[in-house]
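Asks: Please find query29.cif (mmCIF, C-alpha atoms and all ligand atoms) on the next line:
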data_target
#
loop_
_atom_site.group_PDB
_atom_site.id
_atom_site.type_symbol
_atom_site.label_atom_id
_atom_site.label_comp_id
_atom_site.auth_asym_id
_atom_site.auth_seq_id
_atom_site.Cartn_x
_atom_site.Cartn_y
_atom_site.Cartn_z
ATOM 1 C CA MET A 22 46.019 14.506 -181.444
ATOM 2 C CA TYR A 23 47.658 12.178 -183.877
ATOM 3 C CA GLU A 24 45.708 13.739 -186.733
ATOM 4 C CA ILE A 25 46.651 17.295 -185.703
ATOM 5 C CA TYR A 26 50.318 16.301 -185.477
ATOM 6 C CA ASP A 27 50.143 14.831 -188.962
ATOM 7 C CA ARG A 28 48.531 17.954 -190.400
ATOM 8 C CA ARG A 29 51.352 20.129 -189.078
ATOM 9 C CA ASN A 30 53.799 18.182 -191.164
ATOM 10 C CA MET A 31 51.699 18.341 -194.281
ATOM 11 C CA ALA A 32 53.316 20.652 -196.836
ATOM 12 C CA LYS A 33 50.084 21.733 -198.475
ATOM 13 C CA LEU A 34 46.654 20.563 -199.542
ATOM 14 C CA ASP A 35 45.651 19.405 -203.028
ATOM 15 C CA VAL A 36 43.445 21.769 -205.024
ATOM 16 C CA LEU A 37 40.637 19.854 -206.715
ATOM 17 C CA VAL A 38 39.760 20.477 -210.331
ATOM 18 C CA TRP A 39 36.194 20.552 -211.695
ATOM 19 C CA PRO A 40 34.113 18.303 -212.014
ATOM 20 C CA ALA A 41 35.055 17.141 -208.473
ATOM 21 C CA LYS A 42 31.672 16.673 -206.780
ATOM 22 C CA VAL A 43 32.565 18.641 -203.620
ATOM 23 C CA LEU A 44 32.886 21.803 -205.778
ATOM 24 C CA GLU A 45 29.133 21.638 -206.419
ATOM 25 C CA THR A 46 28.197 20.814 -202.820
ATOM 26 C CA LYS A 47 26.878 23.414 -200.376
ATOM 27 C CA SER A 48 29.319 23.612 -197.455
ATOM 28 C CA ASP A 49 28.448 23.445 -193.740
ATOM 29 C CA GLU A 50 28.785 26.256 -191.185
ATOM 30 C CA VAL A 51 31.839 26.108 -188.921
ATOM 31 C CA ALA A 52 30.736 25.599 -185.299
ATOM 32 C CA SER A 53 33.966 24.942 -183.397
ATOM 33 C CA PHE A 54 36.902 27.354 -183.557
ATOM 34 C CA ASP A 55 39.524 24.901 -182.310
ATOM 35 C CA ASP A 56 43.207 24.202 -183.015
ATOM 36 C CA GLU A 57 42.294 21.942 -185.893
ATOM 37 C CA LEU A 58 40.467 24.815 -187.610
ATOM 38 C CA LYS A 59 43.402 27.179 -187.039
ATOM 39 C CA GLN A 60 45.797 24.658 -188.558
ATOM 40 C CA PHE A 61 43.454 24.123 -191.508
ATOM 41 C CA VAL A 62 43.313 27.908 -192.122
ATOM 42 C CA LYS A 63 47.144 28.025 -192.148
ATOM 43 C CA ASP A 64 47.265 25.112 -194.590
ATOM 44 C CA MET A 65 44.732 26.861 -196.836
ATOM 45 C CA HIS A 66 46.802 30.077 -196.932
ATOM 46 C CA GLU A 67 49.942 28.078 -197.730
ATOM 47 C CA THR A 68 48.139 26.119 -200.453
ATOM 48 C CA MET A 69 46.660 29.301 -201.968
ATOM 49 C CA ASP A 70 50.062 31.039 -202.010
ATOM 50 C CA SER A 71 51.903 28.131 -203.585
ATOM 51 C CA ALA A 72 49.201 27.831 -206.266
ATOM 52 C CA ASN A 73 49.465 31.613 -206.931
ATOM 53 C CA GLY A 74 45.779 32.029 -206.142
ATOM 54 C CA ILE A 75 44.247 35.227 -204.715
ATOM 55 C CA GLY A 76 41.379 33.337 -203.078
ATOM 56 C CA LEU A 77 40.620 29.790 -201.985
ATOM 57 C CA ALA A 78 37.498 28.086 -200.626
ATOM 58 C CA ALA A 79 37.690 25.047 -198.322
ATOM 59 C CA ASN A 80 35.698 22.815 -200.665
ATOM 60 C CA GLN A 81 38.383 23.385 -203.334
ATOM 61 C CA VAL A 82 40.664 21.331 -201.081
ATOM 62 C CA GLY A 83 37.910 18.780 -200.433
ATOM 63 C CA VAL A 84 36.580 20.118 -197.106
ATOM 64 C CA ALA A 85 32.896 21.113 -197.256
ATOM 65 C CA LYS A 86 33.128 23.843 -194.601
ATOM 66 C CA ARG A 87 32.409 27.580 -194.872
ATOM 67 C CA VAL A 88 36.037 28.802 -194.800
ATOM 68 C CA LEU A 89 37.708 31.181 -197.295
ATOM 69 C CA THR A 90 41.204 32.587 -197.531
ATOM 70 C CA MET A 91 42.211 35.587 -199.619
ATOM 71 C CA TYR A 92 45.340 37.560 -200.423
ATOM 72 C CA ILE A 93 45.359 40.022 -203.316
ATOM 73 C CA PRO A 94 48.861 41.292 -204.045
ATOM 74 C CA TRP A 95 49.307 44.806 -205.349
ATOM 75 C CA VAL A 96 50.384 44.460 -208.987
ATOM 76 C CA GLN A 97 50.928 47.758 -210.777
ATOM 77 C CA GLN A 98 50.512 46.369 -214.280
ATOM 78 C CA ASP A 99 46.969 45.244 -213.467
ATOM 79 C CA GLU A 100 44.984 47.277 -215.992
ATOM 80 C CA GLN A 101 41.656 46.716 -214.312
ATOM 81 C CA ASP A 102 42.732 48.002 -210.944
ATOM 82 C CA GLU A 103 45.315 50.743 -211.178
ATOM 83 C CA GLU A 104 45.210 52.277 -207.725
ATOM 84 C CA LYS A 105 46.503 50.535 -204.642
ATOM 85 C CA ARG A 106 43.590 49.910 -202.292
ATOM 86 C CA TYR A 107 43.360 49.143 -198.573
ATOM 87 C CA TRP A 108 42.620 45.488 -199.303
ATOM 88 C CA HIS A 109 45.754 44.908 -201.407
ATOM 89 C CA ASP A 110 48.586 42.975 -199.718
ATOM 90 C CA GLN A 111 46.265 42.028 -196.847
ATOM 91 C CA ARG A 112 45.743 38.473 -195.666
ATOM 92 C CA TYR A 113 42.085 37.645 -195.009
ATOM 93 C CA THR A 114 40.331 34.642 -193.507
ATOM 94 C CA PHE A 115 36.526 34.528 -193.723
ATOM 95 C CA ILE A 116 34.625 31.906 -191.746
ATOM 96 C CA ASN A 117 30.846 31.566 -192.193
ATOM 97 C CA PRO A 118 30.773 34.679 -194.440
ATOM 98 C CA ARG A 119 27.530 36.175 -195.641
ATOM 99 C CA ILE A 120 26.789 39.086 -197.930
ATOM 100 C CA VAL A 121 24.671 41.607 -196.011
ATOM 101 C CA LYS A 122 24.433 44.243 -198.774
ATOM 102 C CA LYS A 123 25.260 44.535 -202.493
ATOM 103 C CA GLN A 124 25.487 47.550 -204.764
ATOM 104 C CA GLY A 125 26.110 48.271 -208.452
ATOM 105 C CA LYS A 126 27.434 46.058 -211.233
ATOM 106 C CA ILE A 127 30.899 45.091 -212.426
ATOM 107 C CA SER A 128 32.258 42.738 -215.080
ATOM 108 C CA TRP A 129 35.634 41.156 -214.436
ATOM 109 C CA GLN A 130 37.714 38.532 -216.200
ATOM 110 C CA GLU A 131 37.887 35.792 -213.577
ATOM 111 C CA GLY A 132 40.057 32.753 -213.178
ATOM 112 C CA CYS A 133 39.699 29.839 -210.748
ATOM 113 C CA LEU A 134 42.237 27.353 -209.360
ATOM 114 C CA SER A 135 39.671 24.605 -210.001
ATOM 115 C CA PHE A 136 39.523 25.593 -213.711
ATOM 116 C CA PRO A 137 43.195 25.925 -214.737
ATOM 117 C CA GLN A 138 43.890 28.238 -217.707
ATOM 118 C CA ILE A 139 40.249 29.333 -218.026
ATOM 119 C CA PHE A 140 39.642 33.117 -217.885
ATOM 120 C CA GLU A 141 36.179 34.489 -218.631
ATOM 121 C CA PHE A 142 34.199 37.642 -217.909
ATOM 122 C CA VAL A 143 31.579 37.292 -215.181
ATOM 123 C CA ASP A 144 29.045 39.902 -214.002
ATOM 124 C CA ARG A 145 28.969 40.581 -210.257
ATOM 125 C CA ALA A 146 27.897 43.276 -207.797
ATOM 126 C CA ALA A 147 30.421 46.145 -207.802
ATOM 127 C CA GLU A 148 30.413 46.468 -204.015
ATOM 128 C CA VAL A 149 29.548 44.042 -201.229
ATOM 129 C CA TRP A 150 29.369 44.288 -197.454
ATOM 130 C CA VAL A 151 30.308 40.948 -195.909
ATOM 131 C CA GLU A 152 29.948 39.799 -192.331
ATOM 132 C CA ALA A 153 32.124 36.870 -191.243
ATOM 133 C CA GLN A 154 34.020 35.348 -188.333
ATOM 134 C CA ASP A 155 37.786 35.035 -187.970
ATOM 135 C CA GLU A 156 39.532 31.819 -186.839
ATOM 136 C CA ASN A 157 38.869 32.766 -183.187
ATOM 137 C CA GLY A 158 35.137 33.101 -183.824
ATOM 138 C CA GLU A 159 35.166 36.923 -183.603
ATOM 139 C CA THR A 160 32.676 38.641 -185.914
ATOM 140 C CA PHE A 161 33.892 41.342 -188.316
ATOM 141 C CA GLU A 162 32.562 43.155 -191.364
ATOM 142 C CA VAL A 163 34.269 44.331 -194.542
ATOM 143 C CA HIS A 164 33.175 46.623 -197.331
ATOM 144 C CA ALA A 165 34.662 45.391 -200.602
ATOM 145 C CA ASP A 166 34.936 46.950 -204.043
ATOM 146 C CA GLY A 167 36.923 46.212 -207.229
ATOM 147 C CA LEU A 168 38.771 42.906 -207.364
ATOM 148 C CA PHE A 169 38.235 42.352 -203.625
ATOM 149 C CA SER A 170 34.456 42.430 -204.170
ATOM 150 C CA VAL A 171 34.688 40.143 -207.225
ATOM 151 C CA CYS A 172 36.915 37.674 -205.369
ATOM 152 C CA LEU A 173 34.684 37.586 -202.268
ATOM 153 C CA GLN A 174 31.598 36.863 -204.370
ATOM 154 C CA HIS A 175 33.482 34.173 -206.343
ATOM 155 C CA GLU A 176 34.652 32.459 -203.117
ATOM 156 C CA ILE A 177 31.293 32.722 -201.317
ATOM 157 C CA ASP A 178 29.746 31.122 -204.423
ATOM 158 C CA HIS A 179 32.250 28.249 -204.016
ATOM 159 C CA ILE A 180 31.088 27.378 -200.495
ATOM 160 C CA ASP A 181 27.490 27.546 -201.736
ATOM 161 C CA GLY A 182 28.427 24.913 -204.341
ATOM 162 C CA ILE A 183 28.347 27.416 -207.225
ATOM 163 C CA VAL A 184 31.289 27.502 -209.647
ATOM 164 C CA PHE A 185 31.944 30.435 -211.987
ATOM 165 C CA ILE A 186 30.686 28.586 -215.068
ATOM 166 C CA ASN A 187 27.235 28.832 -213.445
ATOM 167 C CA ARG A 188 27.590 32.644 -213.701
ATOM 168 C CA MET A 189 28.568 32.692 -217.412
ATOM 169 C CA SER A 190 26.296 32.760 -220.425
ATOM 170 C CA ARG A 191 24.995 29.356 -221.503
ATOM 171 C CA LEU A 192 27.263 29.421 -224.568
ATOM 172 C CA LYS A 193 30.457 30.280 -222.644
ATOM 173 C CA SER A 194 29.616 27.772 -219.942
ATOM 174 C CA THR A 195 29.140 24.989 -222.504
ATOM 175 C CA ILE A 196 32.474 25.788 -224.165
ATOM 176 C CA VAL A 197 34.324 25.747 -220.817
ATOM 177 C CA ARG A 198 32.634 22.505 -219.696
ATOM 178 C CA LYS A 199 33.639 20.783 -222.951
ATOM 179 C CA LYS A 200 37.231 22.038 -222.627
ATOM 180 C CA MET A 201 37.443 20.777 -219.036
ATOM 181 C CA VAL A 202 35.918 17.372 -219.853
ATOM 182 C CA ARG A 203 38.230 16.939 -222.856
ATOM 183 C CA ARG A 204 41.247 17.898 -220.761
ATOM 184 C CA GLY A 205 40.139 15.569 -217.924
ATOM 185 C CA SER A 206 39.801 12.591 -220.244
ATOM 186 C CA LEU A 207 43.295 13.280 -221.643
ATOM 187 C CA ASN A 208 44.738 13.400 -218.117
ATOM 188 C CA THR A 209 43.277 10.042 -217.064
ATOM 189 C CA LYS A 210 44.591 8.174 -220.128
HETATM 190 NI NI NI B 1 37.477 29.612 -207.774
#
Would you write out, as structure tokens, the structure that this file holds?
Replies:
Amino acid sequence: MYEIYDRRNMAKLDVLVWPAKVLETKSDEVASFDDELKQFVKDMHETMDSANGIGLAANQVGVAKRVLTMYIPWVQQDEQDEEKRYWHDQRYTFINPRIVKKQGKISWQEGCLSFPQIFEFVDRAAEVWVEAQDENGETFEVHADGLFSVCLQHEIDHIDGIVFINRMSRLKSTIVRKKMVRRGSLNTK
């Protein structure tokens, strides 16, 4: 009880930056859909919004559980995605998500809250069908395309302990790793 009370007063959670070990750890399934989980989901949405992220995985805030939040605002100047889609301006919570079907290929310039100021093209499936549970444990399925599909695959990778540098070419990945390590060593001085 004490812990739940404390969480309610917590403004937001801290987003961890790579190479935090939990980012490369496979997260556990959620088994109990209790008040603590519901509060955690709220905190994740709040954290994601205040960091201007469109997606967040629980292990990015240090919790190795299979929970994702997503909110993709409709931005008209987005060159890659000109039409407003059903998934824009929608708040999503995915618990224990799994990809049941994939189709096609897409390349998108991705960013990640755990890799500030890094934007690189990554190849993904163009469309995915994802089955998940909501915070009450109810099962639902979504069909995702465009940025929604890219974001879902990026976030599901997170809870599997896979960060987007693992999806880049060896050369790009090496450059990003070096940048991050250099930046990290500057920050700790
Ligand atoms: Ni990310």
Asks: Go through A:Ser206, A:Gln138, A:Asn157, A:Thr195 and flag the residue nearest ligand NI 1 (chain B), using all atoms listed in the file for the distances.
Replies: A:Gln138
Asks: Residues of chain A that approach ligand NI 1 (chain B) to 8 Å or less, counting only C-alpha atoms and all ligand atoms: could you list each one with the shortest pair of atoms and its distance in Å to one decimal, rows by chain and increasing residue number, as a Markdown table?
Replies:
| residue | atom | partner | partner_atom | distance |
| --- | --- | --- | --- | --- |
| A:Gly76 | CA | B:NI1 | NI | 7.2 |
| A:Leu77 | CA | B:NI1 | NI | 6.6 |
| A:Ala78 | CA | B:NI1 | NI | 7.3 |
| A:Gln81 | CA | B:NI1 | NI | 7.7 |
| A:Gly132 | CA | B:NI1 | NI | 6.8 |
| A:Cys133 | CA | B:NI1 | NI | 3.7 |
| A:Leu134 | CA | B:NI1 | NI | 5.5 |
| A:Ser135 | CA | B:NI1 | NI | 5.9 |
| A:Phe136 | CA | B:NI1 | NI | 7.5 |
| A:His175 | CA | B:NI1 | NI | 6.2 |
| A:Glu176 | CA | B:NI1 | NI | 6.1 |
| A:His179 | CA | B:NI1 | NI | 6.6 |
| A:Val184 | CA | B:NI1 | NI | 6.8 |
| A:Phe185 | CA | B:NI1 | NI | 7.0 |
Asks: Between A:Glu131, A:Asp70, A:Phe54, A:Val96, which residue has the minimum interatomic distance to Arg112 (chain A), considering all atoms listed in the file?
Replies: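 Residue with the minimum atom-to-atom distance to Arg112 (chain A): A:Asp70.
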Asks: Could you tell me, as a VMD selection string, exactly which residues end up selected when the PyMOL selection byres (((chain A and resi 174) around 12) and not hetatm) is applied to this structure?
Replies: chain A and resid 76 to 78 89 91 115 118 to 123 127 129 131 143 to 151 165 to 173 175 to 181 183 to 185 188
Asks: What residues come out when you apply the PyMOL selection byres (((chain A and resi 44) around 7) and not hetatm) to this file, written as a list in words?
Replies: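 Applying the expression gives Trp39, Ala41, Lys42, Val43, Glu45, Thr46, Asn80, Gln81, His179 and Gly182 of chain A.
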Asks: Give as a PyMOL selection string the residues that the PyMOL selection byres (((chain A and resi 82) around 8) and not hetatm) matches when applied to the coordinates above.
Replies: chain A and resi 34-37+78-81+83-84
Asks: Could you give me, as number ranges by chain, the residues within 8 Å of Met65 (chain A), counting all atoms listed in the file and dropping anything in the same chain fewer than 2 positions from it?
Replies: A: 33-34, 61-63, 67-69, 77, 79, 90
Asks: For CA of Arg198 (chain A) and CA of Lys47 (chain A), determine how far apart the two atoms are, in Å to one decimal place.
Replies: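 Separation of CA of Arg198 (chain A) and CA of Lys47 (chain A): 20.2 Å.
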Asks: When you draw a straight line from CA of Trp95 (chain A) to CA of Val197 (chain A), how long is it in Å?
Replies: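 We find that CA of Trp95 (chain A) and CA of Val197 (chain A) lie 28.8 Å from each other.
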Asks: Of the candidates A:Ser71, A:Ser53, A:Gln154, A:Gln60, which shows the shortest atom-to-atom distance to Thr114 (chain A), using all atoms listed in the file?
Replies: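 Smallest separation from Thr114 (chain A) among the options: A:Gln154.
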Asks: Please measure the separation of CA of Asp64 (chain A) and CA of Val88 (chain A), giving the value in Å to one decimal.
Replies: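 Atom-to-atom, CA of Asp64 (chain A) to CA of Val88 (chain A), that is 11.8 Å.
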Asks: Which polymer residues, whether protein, DNA or RNA, lie within 12 Å of the coordinate (36.6, 24.7, -224.1) when you count only C-alpha atoms? List them as an MDAnalysis selection string, using the chain letters and numbers from the file.
Replies: chainID A and resid 136:141 186 192:205
Asks: For Lys105 (chain A), which residue among A:Ile93, A:Val163, A:His66, A:Arg191 is the nearest when counting all atoms listed in the file?
Replies: A:Ile93
Asks: Hey, could you pull the box centre and edge lengths for region 154-173 of chain A, axis-aligned, 3 Å padding per side, all listed atoms, to one decimal in Å, as JSON?
Replies:
{"center_x": 36.0, "center_y": 39.4, "center_z": -195.3, "size_x": 13.0, "size_y": 21.1, "size_z": 30.2}
